[in-house]
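> To be precise about what I am sending: the file is called structure.csv and holds CSV, N, CA and C atoms and all ligand atoms.
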chain,number,residue,atom,x,y,z
N,1,MET,N,8.3,17.9,-12.6
N,1,MET,CA,8.9,17.9,-11.3
N,1,MET,C,9.0,16.4,-10.8
N,2,GLU,N,10.1,16.0,-10.3
N,2,GLU,CA,10.2,14.7,-9.8
N,2,GLU,C,9.4,14.5,-8.5
N,3,ILE,N,8.7,13.4,-8.4
N,3,ILE,CA,7.9,13.1,-7.2
N,3,ILE,C,8.8,12.6,-6.1
N,4,THR,N,8.8,13.3,-5.0
N,4,THR,CA,9.7,13.0,-3.9
N,4,THR,C,9.0,12.0,-3.0
N,5,GLU,N,9.8,11.3,-2.2
N,5,GLU,CA,9.2,10.4,-1.2
N,5,GLU,C,8.4,11.1,-0.2
N,6,LYS,N,8.7,12.3,0.1
N,6,LYS,CA,7.9,13.1,1.0
N,6,LYS,C,6.5,13.3,0.5
N,7,GLN,N,6.4,13.5,-0.8
N,7,GLN,CA,5.1,13.7,-1.4
N,7,GLN,C,4.3,12.4,-1.3
N,8,LEU,N,4.9,11.3,-1.4
N,8,LEU,CA,4.2,10.0,-1.3
N,8,LEU,C,3.7,9.8,0.1
N,9,PHE,N,4.5,10.2,1.1
N,9,PHE,CA,4.1,10.1,2.5
N,9,PHE,C,2.9,11.0,2.7
N,10,ASP,N,3.0,12.2,2.2
N,10,ASP,CA,1.9,13.2,2.4
N,10,ASP,C,0.6,12.7,1.8
N,11,VAL,N,0.7,12.1,0.6
N,11,VAL,CA,-0.5,11.7,0.0
N,11,VAL,C,-1.1,10.5,0.8
N,12,ALA,N,-0.3,9.6,1.3
N,12,ALA,CA,-0.8,8.5,2.1
N,12,ALA,C,-1.5,9.0,3.4
N,13,SER,N,-0.8,10.0,4.0
N,13,SER,CA,-1.4,10.5,5.3
N,13,SER,C,-2.7,11.3,5.0
N,14,GLN,N,-2.7,12.0,4.0
N,14,GLN,CA,-3.9,12.8,3.7
N,14,GLN,C,-5.1,11.9,3.3
N,15,ALA,N,-4.8,10.9,2.5
N,15,ALA,CA,-5.8,9.9,2.1
N,15,ALA,C,-6.4,9.3,3.3
N,16,MET,N,-5.6,9.0,4.3
N,16,MET,CA,-6.1,8.2,5.5
N,16,MET,C,-7.2,8.9,6.1
N,17,GLU,N,-7.3,10.2,6.0
N,17,GLU,CA,-8.5,11.0,6.5
N,17,GLU,C,-9.8,10.5,5.9
N,18,ASN,N,-9.7,9.9,4.7
N,18,ASN,CA,-10.9,9.4,4.1
N,18,ASN,C,-11.2,7.9,4.4
N,19,ALA,N,-10.4,7.3,5.2
N,19,ALA,CA,-10.6,5.9,5.5
N,19,ALA,C,-12.0,5.7,6.0
N,20,TYR,N,-12.6,4.6,5.6
N,20,TYR,CA,-14.0,4.3,6.1
N,20,TYR,C,-13.8,3.1,6.9
N,21,ALA,N,-13.7,3.3,8.3
N,21,ALA,CA,-13.4,2.2,9.2
N,21,ALA,C,-14.3,2.3,10.4
N,22,PRO,N,-15.6,2.3,10.2
N,22,PRO,CA,-16.5,2.5,11.4
N,22,PRO,C,-16.6,1.3,12.3
N,23,TYR,N,-16.1,0.1,11.8
N,23,TYR,CA,-16.1,-1.1,12.6
N,23,TYR,C,-14.8,-1.3,13.4
N,24,SER,N,-13.7,-1.3,12.7
N,24,SER,CA,-12.4,-1.5,13.4
N,24,SER,C,-11.9,-0.3,14.0
N,25,HIS,N,-12.2,0.9,13.5
N,25,HIS,CA,-11.6,2.2,13.9
N,25,HIS,C,-10.1,2.2,13.6
N,26,TYR,N,-9.7,1.3,12.8
N,26,TYR,CA,-8.2,1.2,12.4
N,26,TYR,C,-8.1,1.8,11.0
N,27,THR,N,-7.6,3.0,10.9
N,27,THR,CA,-7.6,3.7,9.6
N,27,THR,C,-6.3,3.5,9.0
N,28,VAL,N,-6.3,3.3,7.7
N,28,VAL,CA,-5.1,3.0,6.9
N,28,VAL,C,-5.1,3.9,5.6
N,29,GLY,N,-4.0,4.4,5.3
N,29,GLY,CA,-3.8,5.1,4.0
N,29,GLY,C,-2.6,4.6,3.2
N,30,ALA,N,-2.8,4.5,1.9
N,30,ALA,CA,-1.7,4.0,1.1
N,30,ALA,C,-1.5,5.0,-0.1
N,31,ALA,N,-0.2,5.1,-0.6
N,31,ALA,CA,0.0,5.8,-1.8
N,31,ALA,C,1.0,5.0,-2.6
N,32,VAL,N,0.7,4.9,-3.9
N,32,VAL,CA,1.6,4.1,-4.8
N,32,VAL,C,2.2,5.1,-5.9
N,33,LEU,N,3.5,4.9,-6.1
N,33,LEU,CA,4.1,5.7,-7.2
N,33,LEU,C,4.2,4.7,-8.4
N,34,CYS,N,3.7,5.1,-9.6
N,34,CYS,CA,3.7,4.2,-10.7
N,34,CYS,C,4.6,4.6,-11.8
N,35,ASP,N,4.8,3.8,-12.8
N,35,ASP,CA,5.7,4.1,-13.9
N,35,ASP,C,5.2,5.2,-14.8
N,36,ASP,N,3.9,5.5,-14.7
N,36,ASP,CA,3.4,6.6,-15.5
N,36,ASP,C,3.7,8.0,-14.8
N,37,GLY,N,4.4,7.9,-13.6
N,37,GLY,CA,4.9,9.1,-12.9
N,37,GLY,C,3.8,9.6,-12.0
N,38,LYS,N,2.7,8.9,-11.9
N,38,LYS,CA,1.6,9.4,-11.1
N,38,LYS,C,1.5,8.7,-9.7
N,39,ILE,N,0.9,9.4,-8.8
N,39,ILE,CA,0.7,8.8,-7.5
N,39,ILE,C,-0.8,8.5,-7.4
N,40,TYR,N,-1.1,7.3,-6.9
N,40,TYR,CA,-2.5,6.9,-6.6
N,40,TYR,C,-2.7,6.6,-5.1
N,41,SER,N,-3.7,7.1,-4.5
N,41,SER,CA,-3.9,6.9,-3.1
N,41,SER,C,-5.0,5.8,-2.9
N,42,GLY,N,-5.1,5.3,-1.6
N,42,GLY,CA,-6.1,4.4,-1.3
N,42,GLY,C,-6.3,4.4,0.2
N,43,VAL,N,-7.5,4.0,0.6
N,43,VAL,CA,-7.8,3.8,2.0
N,43,VAL,C,-8.6,2.5,2.2
N,44,ASN,N,-8.6,2.1,3.5
N,44,ASN,CA,-9.5,0.9,3.8
N,44,ASN,C,-10.9,1.3,3.7
N,45,VAL,N,-11.7,0.4,3.1
N,45,VAL,CA,-13.2,0.7,3.0
N,45,VAL,C,-13.9,-0.5,3.6
N,46,GLU,N,-14.4,-0.3,4.8
N,46,GLU,CA,-15.0,-1.5,5.5
N,46,GLU,C,-16.5,-1.6,5.1
N,47,ASN,N,-17.1,-2.7,5.6
N,47,ASN,CA,-18.5,-3.0,5.2
N,47,ASN,C,-19.1,-3.7,6.4
N,48,ALA,N,-20.4,-3.5,6.6
N,48,ALA,CA,-21.2,-4.2,7.6
N,48,ALA,C,-21.0,-5.7,7.5
N,49,SER,N,-20.9,-6.2,6.3
N,49,SER,CA,-20.6,-7.6,6.0
N,49,SER,C,-19.0,-7.7,6.0
N,50,TYR,N,-18.4,-7.8,7.2
N,50,TYR,CA,-17.0,-7.6,7.4
N,50,TYR,C,-16.1,-8.0,6.3
N,51,GLY,N,-16.4,-9.2,5.8
N,51,GLY,CA,-15.5,-9.9,4.8
N,51,GLY,C,-15.3,-9.1,3.5
N,52,LEU,N,-16.2,-8.2,3.3
N,52,LEU,CA,-16.1,-7.4,2.0
N,52,LEU,C,-15.2,-6.2,2.1
N,53,THR,N,-14.6,-6.0,3.3
N,53,THR,CA,-13.7,-4.9,3.5
N,53,THR,C,-12.6,-4.9,2.5
N,54,ASN,N,-12.2,-3.8,2.0
N,54,ASN,CA,-11.1,-3.7,1.1
N,54,ASN,C,-10.0,-2.9,1.7
N,55,CYS,N,-8.8,-3.4,1.8
N,55,CYS,CA,-7.7,-2.8,2.4
N,55,CYS,C,-7.2,-1.6,1.6
N,56,ALA,N,-6.5,-0.7,2.3
N,56,ALA,CA,-6.0,0.6,1.7
N,56,ALA,C,-5.0,0.3,0.5
N,57,GLU,N,-4.1,-0.7,0.7
N,57,GLU,CA,-3.1,-1.0,-0.3
N,57,GLU,C,-3.8,-1.5,-1.6
N,58,ARG,N,-4.8,-2.4,-1.4
N,58,ARG,CA,-5.5,-2.9,-2.6
N,58,ARG,C,-6.3,-1.8,-3.3
N,59,THR,N,-6.9,-0.9,-2.5
N,59,THR,CA,-7.7,0.2,-3.1
N,59,THR,C,-6.8,1.0,-3.9
N,60,ALA,N,-5.6,1.4,-3.4
N,60,ALA,CA,-4.6,2.2,-4.2
N,60,ALA,C,-4.2,1.5,-5.5
N,61,ILE,N,-3.9,0.2,-5.3
N,61,ILE,CA,-3.4,-0.5,-6.5
N,61,ILE,C,-4.5,-0.7,-7.5
N,62,PHE,N,-5.7,-1.0,-7.1
N,62,PHE,CA,-6.8,-1.2,-8.0
N,62,PHE,C,-7.1,0.2,-8.7
N,63,LYS,N,-7.0,1.3,-8.0
N,63,LYS,CA,-7.3,2.6,-8.6
N,63,LYS,C,-6.2,2.8,-9.7
N,64,ALA,N,-5.0,2.5,-9.4
N,64,ALA,CA,-3.9,2.7,-10.3
N,64,ALA,C,-4.1,1.9,-11.6
N,65,VAL,N,-4.3,0.6,-11.4
N,65,VAL,CA,-4.4,-0.3,-12.5
N,65,VAL,C,-5.7,0.1,-13.4
N,66,SER,N,-6.7,0.5,-12.7
N,66,SER,CA,-7.9,0.9,-13.5
N,66,SER,C,-7.7,2.2,-14.2
N,67,GLU,N,-6.7,2.9,-13.9
N,67,GLU,CA,-6.4,4.2,-14.6
N,67,GLU,C,-5.3,3.9,-15.7
N,68,GLY,N,-4.9,2.6,-15.8
N,68,GLY,CA,-3.9,2.3,-16.9
N,68,GLY,C,-2.5,2.0,-16.4
N,69,ALA,N,-2.2,2.2,-15.1
N,69,ALA,CA,-0.9,1.9,-14.6
N,69,ALA,C,-0.7,0.4,-14.6
N,70,LYS,N,0.6,0.0,-14.8
N,70,LYS,CA,0.9,-1.4,-14.8
N,70,LYS,C,1.9,-1.8,-13.7
N,71,HIS,N,2.7,-0.8,-13.2
N,71,HIS,CA,3.8,-1.2,-12.3
N,71,HIS,C,3.9,-0.1,-11.2
N,72,VAL,N,4.0,-0.7,-10.0
N,72,VAL,CA,4.2,0.2,-8.8
N,72,VAL,C,5.7,0.1,-8.4
N,73,SER,N,6.4,1.2,-8.3
N,73,SER,CA,7.8,1.2,-8.0
N,73,SER,C,8.0,1.5,-6.5
N,74,LYS,N,7.1,2.2,-5.9
N,74,LYS,CA,7.2,2.5,-4.4
N,74,LYS,C,5.8,2.6,-3.9
N,75,ILE,N,5.7,2.1,-2.6
N,75,ILE,CA,4.4,2.2,-1.9
N,75,ILE,C,4.7,2.7,-0.5
N,76,VAL,N,3.8,3.6,0.0
N,76,VAL,CA,3.8,4.0,1.4
N,76,VAL,C,2.5,3.6,2.0
N,77,ILE,N,2.6,2.9,3.1
N,77,ILE,CA,1.4,2.5,3.9
N,77,ILE,C,1.5,3.1,5.3
N,78,THR,N,0.5,3.8,5.6
N,78,THR,CA,0.4,4.4,7.0
N,78,THR,C,-0.9,4.0,7.7
N,79,ASN,N,-0.9,4.3,9.0
N,79,ASN,CA,-2.1,4.0,9.7
N,79,ASN,C,-2.2,4.9,10.9
N,80,GLY,N,-3.4,4.9,11.5
N,80,GLY,CA,-3.7,5.9,12.6
N,80,GLY,C,-3.2,5.6,13.9
N,81,THR,N,-2.2,4.7,14.0
N,81,THR,CA,-1.6,4.4,15.4
N,81,THR,C,-0.1,4.6,15.3
N,82,GLN,N,0.5,4.4,16.5
N,82,GLN,CA,2.0,4.6,16.6
N,82,GLN,C,2.7,3.4,16.1
N,83,GLU,N,2.0,2.2,15.8
N,83,GLU,CA,2.7,1.0,15.3
N,83,GLU,C,2.9,1.2,13.8
N,84,LEU,N,4.0,0.7,13.3
N,84,LEU,CA,4.3,0.7,11.9
N,84,LEU,C,3.3,-0.2,11.2
N,85,SER,N,2.8,0.2,10.0
N,85,SER,CA,1.9,-0.6,9.2
N,85,SER,C,2.4,-2.0,8.8
N,86,LYS,N,1.6,-3.0,8.8
N,86,LYS,CA,2.0,-4.3,8.3
N,86,LYS,C,0.9,-4.8,7.3
N,87,PRO,N,1.2,-4.7,6.0
N,87,PRO,CA,0.2,-5.2,5.0
N,87,PRO,C,-0.2,-6.6,5.2
N,88,CYS,N,-1.5,-6.9,5.1
N,88,CYS,CA,-1.9,-8.3,5.3
N,88,CYS,C,-1.4,-9.1,4.1
N,89,GLY,N,-1.6,-10.4,4.3
N,89,GLY,CA,-1.1,-11.4,3.3
N,89,GLY,C,-1.8,-11.2,1.9
N,90,ALA,N,-3.1,-10.9,2.0
N,90,ALA,CA,-3.8,-10.7,0.7
N,90,ALA,C,-3.2,-9.5,-0.1
N,91,CYS,N,-2.9,-8.5,0.7
N,91,CYS,CA,-2.4,-7.3,0.0
N,91,CYS,C,-1.0,-7.5,-0.5
N,92,ARG,N,-0.2,-8.3,0.3
N,92,ARG,CA,1.2,-8.6,-0.2
N,92,ARG,C,1.1,-9.4,-1.5
N,93,GLN,N,0.2,-10.3,-1.6
N,93,GLN,CA,0.0,-11.1,-2.9
N,93,GLN,C,-0.4,-10.2,-4.0
N,94,VAL,N,-1.4,-9.2,-3.8
N,94,VAL,CA,-1.8,-8.3,-4.8
N,94,VAL,C,-0.6,-7.4,-5.2
N,95,MET,N,0.2,-6.9,-4.2
N,95,MET,CA,1.3,-6.1,-4.5
N,95,MET,C,2.3,-6.9,-5.4
N,96,SER,N,2.4,-8.2,-5.2
N,96,SER,CA,3.4,-9.0,-6.0
N,96,SER,C,3.1,-9.0,-7.5
N,97,GLU,N,1.8,-8.8,-7.8
N,97,GLU,CA,1.4,-8.8,-9.2
N,97,GLU,C,1.9,-7.6,-9.9
N,98,PHE,N,2.1,-6.5,-9.2
N,98,PHE,CA,2.5,-5.2,-9.8
N,98,PHE,C,3.8,-4.6,-9.3
N,99,MET,N,4.5,-5.3,-8.4
N,99,MET,CA,5.8,-4.8,-7.9
N,99,MET,C,6.9,-5.9,-8.2
N,100,ASP,N,8.1,-5.4,-8.4
N,100,ASP,CA,9.2,-6.3,-8.6
N,100,ASP,C,10.0,-6.5,-7.2
N,101,SER,N,10.8,-7.5,-7.2
N,101,SER,CA,11.6,-7.8,-6.0
N,101,SER,C,12.2,-6.7,-5.3
N,102,ASP,N,12.8,-5.8,-6.1
N,102,ASP,CA,13.6,-4.7,-5.5
N,102,ASP,C,12.9,-3.4,-5.4
N,103,ASP,N,11.6,-3.4,-5.7
N,103,ASP,CA,10.8,-2.2,-5.5
N,103,ASP,C,10.6,-1.9,-4.0
N,104,ILE,N,10.3,-0.7,-3.7
N,104,ILE,CA,10.4,-0.1,-2.3
N,104,ILE,C,9.1,-0.1,-1.6
N,105,VAL,N,9.1,-0.6,-0.4
N,105,VAL,CA,7.9,-0.5,0.5
N,105,VAL,C,8.2,0.2,1.8
N,106,PHE,N,7.5,1.3,2.0
N,106,PHE,CA,7.7,2.1,3.3
N,106,PHE,C,6.6,1.8,4.2
N,107,LEU,N,6.9,1.2,5.4
N,107,LEU,CA,5.8,0.9,6.4
N,107,LEU,C,5.9,2.0,7.4
N,108,ALA,N,4.8,2.8,7.5
N,108,ALA,CA,4.9,4.0,8.3
N,108,ALA,C,3.8,4.0,9.4
N,109,ASN,N,3.9,5.0,10.3
N,109,ASN,CA,2.9,5.2,11.3
N,109,ASN,C,2.3,6.6,11.3
N,110,LYS,N,1.5,6.9,12.2
N,110,LYS,CA,0.7,8.2,12.1
N,110,LYS,C,1.6,9.4,12.2
N,111,THR,N,2.8,9.2,12.8
N,111,THR,CA,3.7,10.4,12.9
N,111,THR,C,4.9,10.3,11.9
N,112,ASN,N,4.6,9.5,10.9
N,112,ASN,CA,5.6,9.4,9.8
N,112,ASN,C,6.9,8.7,10.1
N,113,ASP,N,7.0,8.0,11.3
N,113,ASP,CA,8.1,7.2,11.5
N,113,ASP,C,8.0,6.0,10.5
N,114,PHE,N,9.1,5.5,10.0
N,114,PHE,CA,8.9,4.4,9.0
N,114,PHE,C,10.1,3.5,8.9
N,115,LYS,N,9.9,2.4,8.3
N,115,LYS,CA,11.0,1.5,8.0
N,115,LYS,C,10.9,1.2,6.5
N,116,GLU,N,12.0,1.1,5.8
N,116,GLU,CA,12.0,0.9,4.4
N,116,GLU,C,12.4,-0.6,4.1
N,117,TYR,N,11.7,-1.2,3.2
N,117,TYR,CA,11.9,-2.6,2.8
N,117,TYR,C,12.0,-2.7,1.3
N,118,THR,N,12.6,-3.7,0.8
N,118,THR,CA,12.3,-4.1,-0.6
N,118,THR,C,11.1,-5.0,-0.6
N,119,PHE,N,10.5,-5.1,-1.8
N,119,PHE,CA,9.3,-6.0,-1.8
N,119,PHE,C,9.6,-7.4,-1.4
N,120,LYS,N,10.8,-7.9,-1.9
N,120,LYS,CA,11.1,-9.3,-1.6
N,120,LYS,C,11.3,-9.6,-0.1
N,121,GLU,N,11.7,-8.5,0.6
N,121,GLU,CA,11.8,-8.7,2.1
N,121,GLU,C,10.5,-8.9,2.8
N,122,ILE,N,9.4,-8.3,2.2
N,122,ILE,CA,8.1,-8.4,2.9
N,122,ILE,C,7.3,-9.6,2.3
N,123,LEU,N,7.7,-10.1,1.2
N,123,LEU,CA,7.1,-11.3,0.7
N,123,LEU,C,8.1,-12.3,0.0
N,124,PRO,N,8.9,-13.0,0.8
N,124,PRO,CA,9.8,-13.9,0.2
N,124,PRO,C,9.0,-15.1,-0.4
N,125,LEU,N,9.6,-15.8,-1.3
N,125,LEU,CA,8.9,-16.9,-2.0
N,125,LEU,C,7.5,-16.6,-2.5
N,126,ALA,N,7.4,-15.4,-3.1
N,126,ALA,CA,6.1,-15.1,-3.7
N,126,ALA,C,5.7,-16.0,-4.8
N,127,PHE,N,4.5,-16.3,-4.9
N,127,PHE,CA,3.9,-17.1,-6.0
N,127,PHE,C,3.6,-16.1,-7.1
N,128,SER,N,4.1,-16.3,-8.3
N,128,SER,CA,3.9,-15.4,-9.4
N,128,SER,C,3.6,-16.1,-10.7
N,129,ASP,N,3.4,-15.4,-11.8
N,129,ASP,CA,3.1,-15.9,-13.1
N,129,ASP,C,4.3,-16.8,-13.5
N,130,LYS,N,5.5,-16.5,-13.1
N,130,LYS,CA,6.7,-17.3,-13.5
N,130,LYS,C,6.6,-18.7,-13.0
N,131,ASP,N,5.8,-19.0,-11.9
N,131,ASP,CA,5.7,-20.3,-11.4
N,131,ASP,C,4.9,-21.2,-12.3
N,132,MET,N,4.2,-20.6,-13.3
N,132,MET,CA,3.3,-21.3,-14.2
N,132,MET,C,3.9,-21.6,-15.5
N,133,ASP,N,5.2,-21.1,-15.7
N,133,ASP,CA,5.8,-21.3,-17.0
N,133,ASP,C,6.1,-22.8,-17.3
N,201,LIG,N1,-6.2,-3.1,6.7
N,201,LIG,C1,-5.7,-2.4,5.7
N,201,LIG,O1,-6.3,-1.5,5.1
N,201,LIG,N2,-4.5,-2.9,5.2
N,201,LIG,C2,-3.8,-4.0,5.8
N,201,LIG,O2,-2.9,-4.5,5.1
N,201,LIG,C3,-4.2,-4.4,7.1
N,201,LIG,C4,-5.7,-4.2,7.4
N,201,LIG,C5,-7.5,-2.6,7.2
N,201,LIG,C6,-8.7,-3.6,6.9
N,201,LIG,C7,-9.6,-3.2,8.0
N,201,LIG,O3,-10.4,-2.1,7.6
N,201,LIG,C8,-8.8,-2.7,9.2
N,201,LIG,O4,-7.5,-2.5,8.6
N,201,LIG,C9,-8.6,-3.7,10.3
N,201,LIG,O5,-8.3,-5.0,9.8
Could the structure of this file be written out as structure tokens, please?
Ligand code: THU

Amino acid sequence: MEITEKQLFDVASQAMENAYAPYSHYTVGAAVLCDDGKIYSGVNVENASYGLTNCAERTAIFKAVSEGAKHVSKIVITNGTQELSKPCGACRQVMSEFMDSDDIVFLANKTNDFKEYTFKEILPLAFSDKDMD
């Protein structure tokens, strides 16, 4: 069965329930669709030593890559507020390692309002391996 975008949104929202955000109380859920046809979810995982916090997007991507996936074609990022999610700079750079320019980024809120972007729209002038050729 083909994975629908609705499934990706549902996985991100459901995952968000597991966000570990006792410090910021800002919960984030992410779901990535990979070329292996699987969806991997992620949440933000905070730490008393604040700087060790891992964002939801990176959690999802690291889970995917550690299970053998190499490429993310779509990502949904949601959060527990009415504002649309905005991935931080570190997450955009990590996304650039595993997403191509025209891959799809859905930035959503807690009621599943969203805007759709291509990856290059959210990270123009990305630094990549090609810069080191
Ligand atoms: N956070 C994410 O999970 N993703 C982002 O791209 C933005 C920030 C998390 C990290 C921290 O747990 C909380 O949101 C507040 O910064």
> Just give me the residues with any atom within 8 Å of (7.1, 6.2, -11.6), file coordinates, counting all atoms listed in the file, written as a compact mmCIF listing (two decimals) with N, CA and C atoms, in the coordinates of the input.

# COMPACT_ATOMS: atom_id res chain seq x y z
N VAL N 32 0.70 4.90 -3.90
CA VAL N 32 1.60 4.10 -4.80
C VAL N 32 2.20 5.10 -5.90
N LEU N 33 3.50 4.90 -6.10
CA LEU N 33 4.10 5.70 -7.20
C LEU N 33 4.20 4.70 -8.40
N CYS N 34 3.70 5.10 -9.60
CA CYS N 34 3.70 4.20 -10.70
C CYS N 34 4.60 4.60 -11.80
N ASP N 35 4.80 3.80 -12.80
CA ASP N 35 5.70 4.10 -13.90
C ASP N 35 5.20 5.20 -14.80
N ASP N 36 3.90 5.50 -14.70
CA ASP N 36 3.40 6.60 -15.50
C ASP N 36 3.70 8.00 -14.80
N GLY N 37 4.40 7.90 -13.60
CA GLY N 37 4.90 9.10 -12.90
C GLY N 37 3.80 9.60 -12.00
N LYS N 38 2.70 8.90 -11.90
CA LYS N 38 1.60 9.40 -11.10
C LYS N 38 1.50 8.70 -9.70
N ILE N 39 0.90 9.40 -8.80
CA ILE N 39 0.70 8.80 -7.50
C ILE N 39 -0.80 8.50 -7.40
N HIS N 71 2.70 -0.80 -13.20
CA HIS N 71 3.80 -1.20 -12.30
C HIS N 71 3.90 -0.10 -11.20
N VAL N 72 4.00 -0.70 -10.00
CA VAL N 72 4.20 0.20 -8.80
C VAL N 72 5.70 0.10 -8.40
N SER N 73 6.40 1.20 -8.30
CA SER N 73 7.80 1.20 -8.00
C SER N 73 8.00 1.50 -6.50
N LYS N 74 7.10 2.20 -5.90
CA LYS N 74 7.20 2.50 -4.40
C LYS N 74 5.80 2.60 -3.90
> May I ask you to write as a PyMOL selection string all residues lying at most 7 Å from ligand LIG 201 (chain N), with only C-alpha atoms and all ligand atoms counted?
chain N and resi 21+24+26-28+43-46+53-57+86-88+91
> When DSSP is applied to the backbone of this structure, which of chain N are assigned strand (DSSP E or B)? Write them out as a VMD selection string.
chain N and resid 20 28 to 34 39 to 43 45 54 72 to 79 104 to 108 114 to 118
> So that I can check the surroundings of N:Met95, please list as a VMD selection string every protein, DNA and RNA residue that reaches within 8 Å of it, counting all atoms listed in the file and ignoring chain neighbours fewer than 3 positions away.
chain N and resid 57 to 58 61 72 89 to 92 98 to 100 119
> Could the residues in this selection be written to a file with N, CA and C atoms, as a PDB file, keeping the file's coordinate frame?

ATOM      1  N   GLU N  57      -4.100  -0.700   0.700  1.00  0.00           N
ATOM      2  CA  GLU N  57      -3.100  -1.000  -0.300  1.00  0.00           C
ATOM      3  C   GLU N  57      -3.800  -1.500  -1.600  1.00  0.00           C
ATOM      4  N   ARG N  58      -4.800  -2.400  -1.400  1.00  0.00           N
ATOM      5  CA  ARG N  58      -5.500  -2.900  -2.600  1.00  0.00           C
ATOM      6  C   ARG N  58      -6.300  -1.800  -3.300  1.00  0.00           C
ATOM      7  N   ILE N  61      -3.900   0.200  -5.300  1.00  0.00           N
ATOM      8  CA  ILE N  61      -3.400  -0.500  -6.500  1.00  0.00           C
ATOM      9  C   ILE N  61      -4.500  -0.700  -7.500  1.00  0.00           C
ATOM     10  N   VAL N  72       4.000  -0.700 -10.000  1.00  0.00           N
ATOM     11  CA  VAL N  72       4.200   0.200  -8.800  1.00  0.00           C
ATOM     12  C   VAL N  72       5.700   0.100  -8.400  1.00  0.00           C
ATOM     13  N   GLY N  89      -1.600 -10.400   4.300  1.00  0.00           N
ATOM     14  CA  GLY N  89      -1.100 -11.400   3.300  1.00  0.00           C
ATOM     15  C   GLY N  89      -1.800 -11.200   1.900  1.00  0.00           C
ATOM     16  N   ALA N  90      -3.100 -10.900   2.000  1.00  0.00           N
ATOM     17  CA  ALA N  90      -3.800 -10.700   0.700  1.00  0.00           C
ATOM     18  C   ALA N  90      -3.200  -9.500  -0.100  1.00  0.00           C
ATOM     19  N   CYS N  91      -2.900  -8.500   0.700  1.00  0.00           N
ATOM     20  CA  CYS N  91      -2.400  -7.300   0.000  1.00  0.00           C
ATOM     21  C   CYS N  91      -1.000  -7.500  -0.500  1.00  0.00           C
ATOM     22  N   ARG N  92      -0.200  -8.300   0.300  1.00  0.00           N
ATOM     23  CA  ARG N  92       1.200  -8.600  -0.200  1.00  0.00           C
ATOM     24  C   ARG N  92       1.100  -9.400  -1.500  1.00  0.00           C
ATOM     25  N   PHE N  98       2.100  -6.500  -9.200  1.00  0.00           N
ATOM     26  CA  PHE N  98       2.500  -5.200  -9.800  1.00  0.00           C
ATOM     27  C   PHE N  98       3.800  -4.600  -9.300  1.00  0.00           C
ATOM     28  N   MET N  99       4.500  -5.300  -8.400  1.00  0.00           N
ATOM     29  CA  MET N  99       5.800  -4.800  -7.900  1.00  0.00           C
ATOM     30  C   MET N  99       6.900  -5.900  -8.200  1.00  0.00           C
ATOM     31  N   ASP N 100       8.100  -5.400  -8.400  1.00  0.00           N
ATOM     32  CA  ASP N 100       9.200  -6.300  -8.600  1.00  0.00           C
ATOM     33  C   ASP N 100      10.000  -6.500  -7.200  1.00  0.00           C
ATOM     34  N   PHE N 119      10.500  -5.100  -1.800  1.00  0.00           N
ATOM     35  CA  PHE N 119       9.300  -6.000  -1.800  1.00  0.00           C
ATOM     36  C   PHE N 119       9.600  -7.400  -1.400  1.00  0.00           C
TER      37      PHE N 119
END
> Atom CA of N:Phe9 and atom CA of N:Ser85, how far apart in Å?
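Pair atom CA of N:Ser85 / atom CA of N:Phe9 returns 12.8 Å.
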> Which one is closest to N:Ala15: N:Ile75, N:Ala64, N:Ala30, N:Ile3? Count all atoms listed in the file.
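Looking only at the distances to N:Ala15, the closest residue turns out to be N:Ala30.
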> Can you tell me, as a ChimeraX atom specification, which residues sit within 7 Å of (-0.9, 6.6, 6.5) in the file's frame, using only N, CA and C atoms?
/N:9,11-16,27-30,76-80,108-110
> I need the residue nearest N:Glu17 from this list: N:Ser41, N:Ala126, N:Ser96, N:Thr59. Use only C-alpha atoms for the distance.
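Looking at the shortest contact to N:Glu17, the residue is N:Ser41.
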> Could you check which of N:Ala60, N:Met132, N:Leu84, N:Leu125 is closest to N:Thr111, using only C-alpha atoms?
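Looking at the shortest contact to N:Thr111, the residue is N:Leu84.
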> Can you list every residue in chain N that DSSP puts in alpha helix (DSSP H), as a ChimeraX atom specification?
/N:5-16,56-66,89-98,119-122
> As an exercise, work out the distance from atom CA of N:Ala31 to atom N of N:Leu8 in Å and give it to one decimal place.
7.4 Å
> Calculate how many Å separate atom CA of N:Phe114 from atom CA of N:Thr4, rounding to one decimal.
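Here the two named atoms are 15.5 Å from each other.
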> Rank nothing, just name the residue among N:Tyr20, N:Lys115, N:Gln93, N:Asn47 nearest to N:Asp129, using only C-alpha atoms.
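Among N:Tyr20, N:Lys115, N:Gln93, N:Asn47, it is N:Gln93 that comes nearest to N:Asp129.
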> Using all atoms listed in the file, determine which residues lie at most 8 Å from N:Thr118, disregarding the query and same-chain residues fewer than 5 positions distant; provide the list as a list in words.
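Answer for this query is Asp100, Ser101, Asp102, Asp103, Ile104, Val105, Phe106 and Leu123 of chain N.
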> Which is closest to N:Glu97 among N:Ser128, N:Gly68, N:Thr81, N:Ser49, if we use only N, CA and C atoms?
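Closest to N:Glu97, using only N, CA and C atoms: N:Ser128.
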